[in-house]
Amino acid sequence: MAESAKRNYKRKESEYVPIGPNEFGKLPPQAPELEEAVLGAIMVERDAYATVAGFLREQHFYKEIHQYIYHAITTLSSKQEPVDMHTVTEQLRKDGKIEQVGGPYYIALLTSKVSSAAHLEFHARIIVQKYLARELIRISSEIQTKAFDDRTDIDDLMQEAEGMMFQVSQQSMQRTVVQIDPVISEAIDRIRQAQKSDGTSGVPSGFHDLDKLTSGWQASDLIIIAARPAMGKTAFVLSMMRNMAVDYKQPVALFSLEMSNVQLVNRLLMNVCEIEGEKIKNGQLSYHEWAQLDAKVQELYGAPIYVDDTPSLSIFELRSKARRLAREKGIKCIIIDYLQLMNASGMNFGSREQEVSMISRSLKGLAKELNIPIIALSQLNRSVENRGGSTTGQDTKRPQLSDLRESGAIEQDADMVCFIHRPEYYRITEGPNGEDLRGKAYIIVAKHRNGATDDVLLRFKNIYAKFMNIGDGDANPYATIKSRLNNNTSGMKGNTGGINHMPEMPDYGIGNDNPPF
């Protein structure tokens, strides 16, 4: 040792202070003694492996020789063979690892260090925690190295960091077993709440027949609403979002990957105010349409609606934003428009199908974590278009579960799959019983994990891209305006909705059968 290195020590070797493990450097988080104790306990007691098999993995061990031993134990258990000192030694011989672990002597030494498996689970969980700490150190080191590289795209690096952190967080999720009594109490409480709310135990959609079938969108459910383009997916969720937030005061968040915030609000104004989209876009509104806009937009002010228009949103960004919204705004439902535009940047997949599968599984996990329904829109493949039209009274354009695009995992992960089908779009104007299908839309509940499947018929006003209950009548579009004009003879001055640039206008007799506009 150089003289300068001895400067802080006493002259006599016997008086040197030993260097601690973190005094001049850092060791990776590890617990080799506990690893030895866990492996020894598994080989000592017959059923010990079953205690840790659910969460302890080979890669969680720090020492490589312990990984080899645990792999041998896992192999024996999978073949339903006994696990003890002799069988593990023999399996290591078959694996060609017996000499690398120190021979039969080391296996015997592990079993001699423990007398029982009393604290096996506690020790095993510490091993897992040490592994997770090492993973966090590894990830942070990789991200730091790449961040110092000027050639690195920061946006891509952030996506990669989120992906790696997501993988670690998935490993740290603990599944606990609970006794059934508190679960029964919670189930009975929900039944009582449903009784008080006329059978609706979840978040109501505002479409009465649909709510009767589903009892509302249920907490922790993943709901897929799928359709071909131009069927009205966005119009449906906007109509539903308005019902949730305005009529039922339920906070709802909409993540729009397809439209900007302004485009989305224009669609919402078109839906709520019943004004043609082209006029909303170019501003060519007549007097009564300005008044209609002014009157009906009031219900949207202060509504608990939260919109995010981040393009190409990743599942990791969504999780972060959704958790914050649930914590700060108390949202009761999340809507995603639409699933195929999401990505899982920062993770490697063999195909787009695998990526979509991962996204759908993550959405289901997020719904369970936040205990709210998540509604994701999805596209259907072109097989719908390739089928024939109405033959012998049968609508062959009717969507099926096999029409879901890109991944069968969407169907598997979803608690409910609904299709939007407008026969009129395919020039099918008459149903099998002669009923008029013009201006009608079917919400086809094709999969319902916790209830029945059926078709729900709604009205669809194409000119306003608006879905309505089948029994809702056409309101007189001039009744509201006439009432406002009678209370404000000077026109639209001083209105609270911010539309105060309207010119004064006389009473043109709005409300008559043939208004002069």
# chains A, B, ... in the order shown; residues from 1 in each chain; ligands from 1

call {"tool": "residues_around", "arguments": {"residues": "Gly365 of chain A", "least_positions_apart": "4", "cutoff": "10 Å", "atoms": "only C-alpha atoms", "output": "list in words"}}
result
Gln170, Ser220, Asp221, Leu222, Arg319, Ile359, Ser360, Arg361, Glu369, Leu370, Asn371 and Asp413 of chain A

call {"tool": "write_last_selection", "arguments": {"atoms": "C-alpha atoms", "output": "compact mmCIF listing (two decimals), in the first residue's frame"}}
result
# COMPACT_ATOMS: atom_id res chain seq x y z
CA GLN A 170 -44.65 -4.94 -13.02
CA SER A 220 -61.98 -2.15 -12.87
CA ASP A 221 -63.51 -3.21 -16.21
CA LEU A 222 -61.82 -2.75 -19.58
CA ARG A 319 -50.49 5.34 -16.66
CA ILE A 359 -51.06 -2.38 -24.37
CA SER A 360 -54.40 -4.12 -23.82
CA ARG A 361 -53.04 -6.06 -20.82
CA GLU A 369 -55.27 -0.49 -10.11
CA LEU A 370 -57.40 2.69 -10.25
CA ASN A 371 -60.66 0.76 -9.73
CA ASP A 413 -58.32 -8.93 -21.95

call {"tool": "residues_around", "arguments": {"residues": "segment 339-341 of chain A", "least_positions_apart": "2", "cutoff": "8 Å", "atoms": "only C-alpha atoms", "output": "PyMOL selection string"}}
result
chain A and resi 257-258+312-313+336-337+343+356+376-379

call {"tool": "select_by_dssp", "arguments": {"residues": "segment 312-376 of chain A", "states": "alpha helix (DSSP H)", "output": "count of residues only"}}
result
33

call {"tool": "atom_distance", "arguments": {"atom1": "atom CA of Ile154 of chain A", "atom2": "atom CA of Ser169 of chain A"}}
result
22.1 Å

call {"tool": "residues_around", "arguments": {"residues": "Pro104 of chain A", "least_positions_apart": "3", "cutoff": "7 Å", "atoms": "only C-alpha atoms", "output": "PyMOL selection string"}}
result
chain A and resi 89+107-108

call {"tool": "residues_around", "arguments": {"residues": "Ser320 of chain A", "least_positions_apart": "4", "cutoff": "12 Å", "atoms": "only C-alpha atoms", "output": "list of chain:residue names"}}
result
A:Glu162, A:Met165, A:Phe166, A:Leu313, A:Ser314, A:Ile315, A:Phe316, A:Arg324, A:Leu325, A:Ala326, A:Arg327, A:Leu366, A:Leu370

call {"tool": "write_last_selection", "arguments": {"atoms": "N, CA and C atoms", "output": "PDB file, in the first residue's frame"}}
result
ATOM      1  N   GLU A 162     -39.190   5.150 -19.446  1.00  0.00           N
ATOM      2  CA  GLU A 162     -40.520   4.778 -18.961  1.00  0.00           C
ATOM      3  C   GLU A 162     -40.786   3.296 -19.180  1.00  0.00           C
ATOM      4  N   MET A 165     -38.760   1.296 -16.610  1.00  0.00           N
ATOM      5  CA  MET A 165     -39.340   1.447 -15.275  1.00  0.00           C
ATOM      6  C   MET A 165     -40.651   0.680 -15.163  1.00  0.00           C
ATOM      7  N   PHE A 166     -41.400   0.654 -16.255  1.00  0.00           N
ATOM      8  CA  PHE A 166     -42.663  -0.087 -16.248  1.00  0.00           C
ATOM      9  C   PHE A 166     -42.406  -1.576 -16.022  1.00  0.00           C
ATOM     10  N   LEU A 313     -49.555   8.679 -27.919  1.00  0.00           N
ATOM     11  CA  LEU A 313     -49.418   8.492 -26.472  1.00  0.00           C
ATOM     12  C   LEU A 313     -48.949   7.074 -26.164  1.00  0.00           C
ATOM     13  N   SER A 314     -47.967   6.961 -25.282  1.00  0.00           N
ATOM     14  CA  SER A 314     -47.495   5.634 -24.879  1.00  0.00           C
ATOM     15  C   SER A 314     -48.279   5.165 -23.662  1.00  0.00           C
ATOM     16  N   ILE A 315     -48.303   3.864 -23.481  1.00  0.00           N
ATOM     17  CA  ILE A 315     -49.025   3.298 -22.347  1.00  0.00           C
ATOM     18  C   ILE A 315     -48.428   3.766 -21.028  1.00  0.00           C
ATOM     19  N   PHE A 316     -47.124   4.068 -21.035  1.00  0.00           N
ATOM     20  CA  PHE A 316     -46.465   4.503 -19.804  1.00  0.00           C
ATOM     21  C   PHE A 316     -46.860   5.937 -19.447  1.00  0.00           C
ATOM     22  N   ARG A 324     -52.406  10.470 -11.847  1.00  0.00           N
ATOM     23  CA  ARG A 324     -52.495  11.843 -11.356  1.00  0.00           C
ATOM     24  C   ARG A 324     -53.930  12.354 -11.399  1.00  0.00           C
ATOM     25  N   LEU A 325     -54.635  12.059 -12.490  1.00  0.00           N
ATOM     26  CA  LEU A 325     -56.029  12.490 -12.603  1.00  0.00           C
ATOM     27  C   LEU A 325     -56.897  11.821 -11.542  1.00  0.00           C
ATOM     28  N   ALA A 326     -56.649  10.549 -11.286  1.00  0.00           N
ATOM     29  CA  ALA A 326     -57.423   9.842 -10.263  1.00  0.00           C
ATOM     30  C   ALA A 326     -57.151  10.424  -8.880  1.00  0.00           C
ATOM     31  N   ARG A 327     -55.906  10.795  -8.647  1.00  0.00           N
ATOM     32  CA  ARG A 327     -55.528  11.335  -7.344  1.00  0.00           C
ATOM     33  C   ARG A 327     -56.010  12.771  -7.151  1.00  0.00           C
ATOM     34  N   LEU A 366     -54.340  -1.287 -15.413  1.00  0.00           N
ATOM     35  CA  LEU A 366     -54.565   0.079 -14.933  1.00  0.00           C
ATOM     36  C   LEU A 366     -55.991   0.242 -14.426  1.00  0.00           C
ATOM     37  N   LEU A 370     -56.665   1.468 -10.587  1.00  0.00           N
ATOM     38  CA  LEU A 370     -57.399   2.688 -10.247  1.00  0.00           C
ATOM     39  C   LEU A 370     -58.833   2.395  -9.826  1.00  0.00           C
TER      40      LEU A 370
END

call {"tool": "residues_around", "arguments": {"residues": "Glu411 of chain A", "least_positions_apart": "6", "cutoff": "9 Å", "atoms": "only C-alpha atoms", "output": "JSON list (two decimals) with N, CA and C atoms, in the first residue's frame"}}
result
[["chain", "number", "residue", "atom", "x", "y", "z"],
["A", 224, "ILE", "N", -64.08, -2.38, -24.52],
["A", 224, "ILE", "CA", -63.65, -2.08, -25.88],
["A", 224, "ILE", "C", -64.88, -1.73, -26.71],
["A", 401, "LEU", "N", -66.59, -10.69, -33.19],
["A", 401, "LEU", "CA", -65.38, -10.60, -32.37],
["A", 401, "LEU", "C", -64.12, -10.87, -33.18],
["A", 402, "SER", "N", -64.24, -11.71, -34.18],
["A", 402, "SER", "CA", -63.07, -12.03, -35.01],
["A", 402, "SER", "C", -62.64, -10.86, -35.89],
["A", 404, "LEU", "N", -61.93, -7.86, -34.78],
["A", 404, "LEU", "CA", -61.05, -6.95, -34.05],
["A", 404, "LEU", "C", -59.67, -6.93, -34.68],
["A", 417, "VAL", "N", -66.92, -6.21, -24.79],
["A", 417, "VAL", "CA", -66.65, -5.76, -26.15],
["A", 417, "VAL", "C", -67.98, -5.35, -26.78],
["A", 447, "LYS", "N", -69.48, -9.30, -26.08],
["A", 447, "LYS", "CA", -68.85, -10.02, -24.97],
["A", 447, "LYS", "C", -69.15, -9.26, -23.69]]

call {"tool": "residues_around", "arguments": {"residues": "segment 267-281 of chain A", "least_positions_apart": "4", "cutoff": "8 Å", "atoms": "only C-alpha atoms", "output": "PyMOL selection string"}}
result
chain A and resi 235+238-239+242+263+285+289+292-293+296-297+463-466

call {"tool": "write_last_selection", "arguments": {"atoms": "C-alpha atoms", "output": "PDB file, in the first residue's frame"}}
result
ATOM      1  CA  ALA A 235     -69.528  10.602 -31.678  1.00  0.00           C
ATOM      2  CA  LEU A 238     -68.639  12.211 -26.891  1.00  0.00           C
ATOM      3  CA  SER A 239     -72.390  11.759 -26.431  1.00  0.00           C
ATOM      4  CA  ARG A 242     -71.523  14.570 -22.055  1.00  0.00           C
ATOM      5  CA  GLN A 263     -61.172  19.713 -32.903  1.00  0.00           C
ATOM      6  CA  LEU A 285     -73.879  30.595 -38.173  1.00  0.00           C
ATOM      7  CA  GLU A 289     -77.720  29.205 -34.429  1.00  0.00           C
ATOM      8  CA  GLN A 292     -78.571  28.042 -29.885  1.00  0.00           C
ATOM      9  CA  LEU A 293     -74.817  27.843 -29.337  1.00  0.00           C
ATOM     10  CA  LYS A 296     -76.559  25.140 -24.858  1.00  0.00           C
ATOM     11  CA  VAL A 297     -72.846  25.706 -24.375  1.00  0.00           C
ATOM     12  CA  ILE A 463     -75.912  15.747 -39.189  1.00  0.00           C
ATOM     13  CA  TYR A 464     -74.843  16.433 -35.584  1.00  0.00           C
ATOM     14  CA  ALA A 465     -72.879  13.178 -35.013  1.00  0.00           C
ATOM     15  CA  LYS A 466     -75.029  12.569 -31.956  1.00  0.00           C
TER      16      LYS A 466
END

call {"tool": "residues_around", "arguments": {"residues": "His208 of chain A", "least_positions_apart": "3", "cutoff": "7 Å", "atoms": "only C-alpha atoms", "output": "VMD selection string"}}
result
chain A and resid 211 to 212 469

call {"tool": "write_last_selection", "arguments": {"atoms": "C-alpha atoms", "output": "CSV table (one decimal), in the first residue's frame"}}
result
chain,number,residue,atom,x,y,z
A,211,ASP,CA,-77.4,0.9,-18.7
A,212,LYS,CA,-80.1,-1.7,-18.0
A,469,ASN,CA,-82.0,7.2,-26.6

call {"tool": "closest_residue", "arguments": {"among": "A:Thr310, A:Thr200, A:Gln412, A:Ser112", "to": "Ser357 of chain A", "atoms": "only C-alpha atoms"}}
result
A:Gln412

call {"tool": "select_by_dssp", "arguments": {"residues": "segment 327-473 of chain A", "states": "strand (DSSP E)", "output": "NGL selection string"}}
result
:A and (333-337 or 374-379 or 390-391 or 394-395 or 416-421 or 440-448 or 454-461 or 466-469)

call {"tool": "atom_distance", "arguments": {"atom1": "atom CA of Gln354 of chain A", "atom2": "atom CA of Ile410 of chain A"}}
result
10.9 Å

call {"tool": "closest_residue", "arguments": {"among": "A:Cys418, A:Val114, A:Ile188, A:Val252", "to": "Asp455 of chain A", "atoms": "only C-alpha atoms"}}
result
A:Cys418

call {"tool": "closest_residue", "arguments": {"among": "A:Ala344, A:Asn261, A:His60, A:Arg449", "to": "Gln159 of chain A", "atoms": "only C-alpha atoms"}}
result
A:Ala344
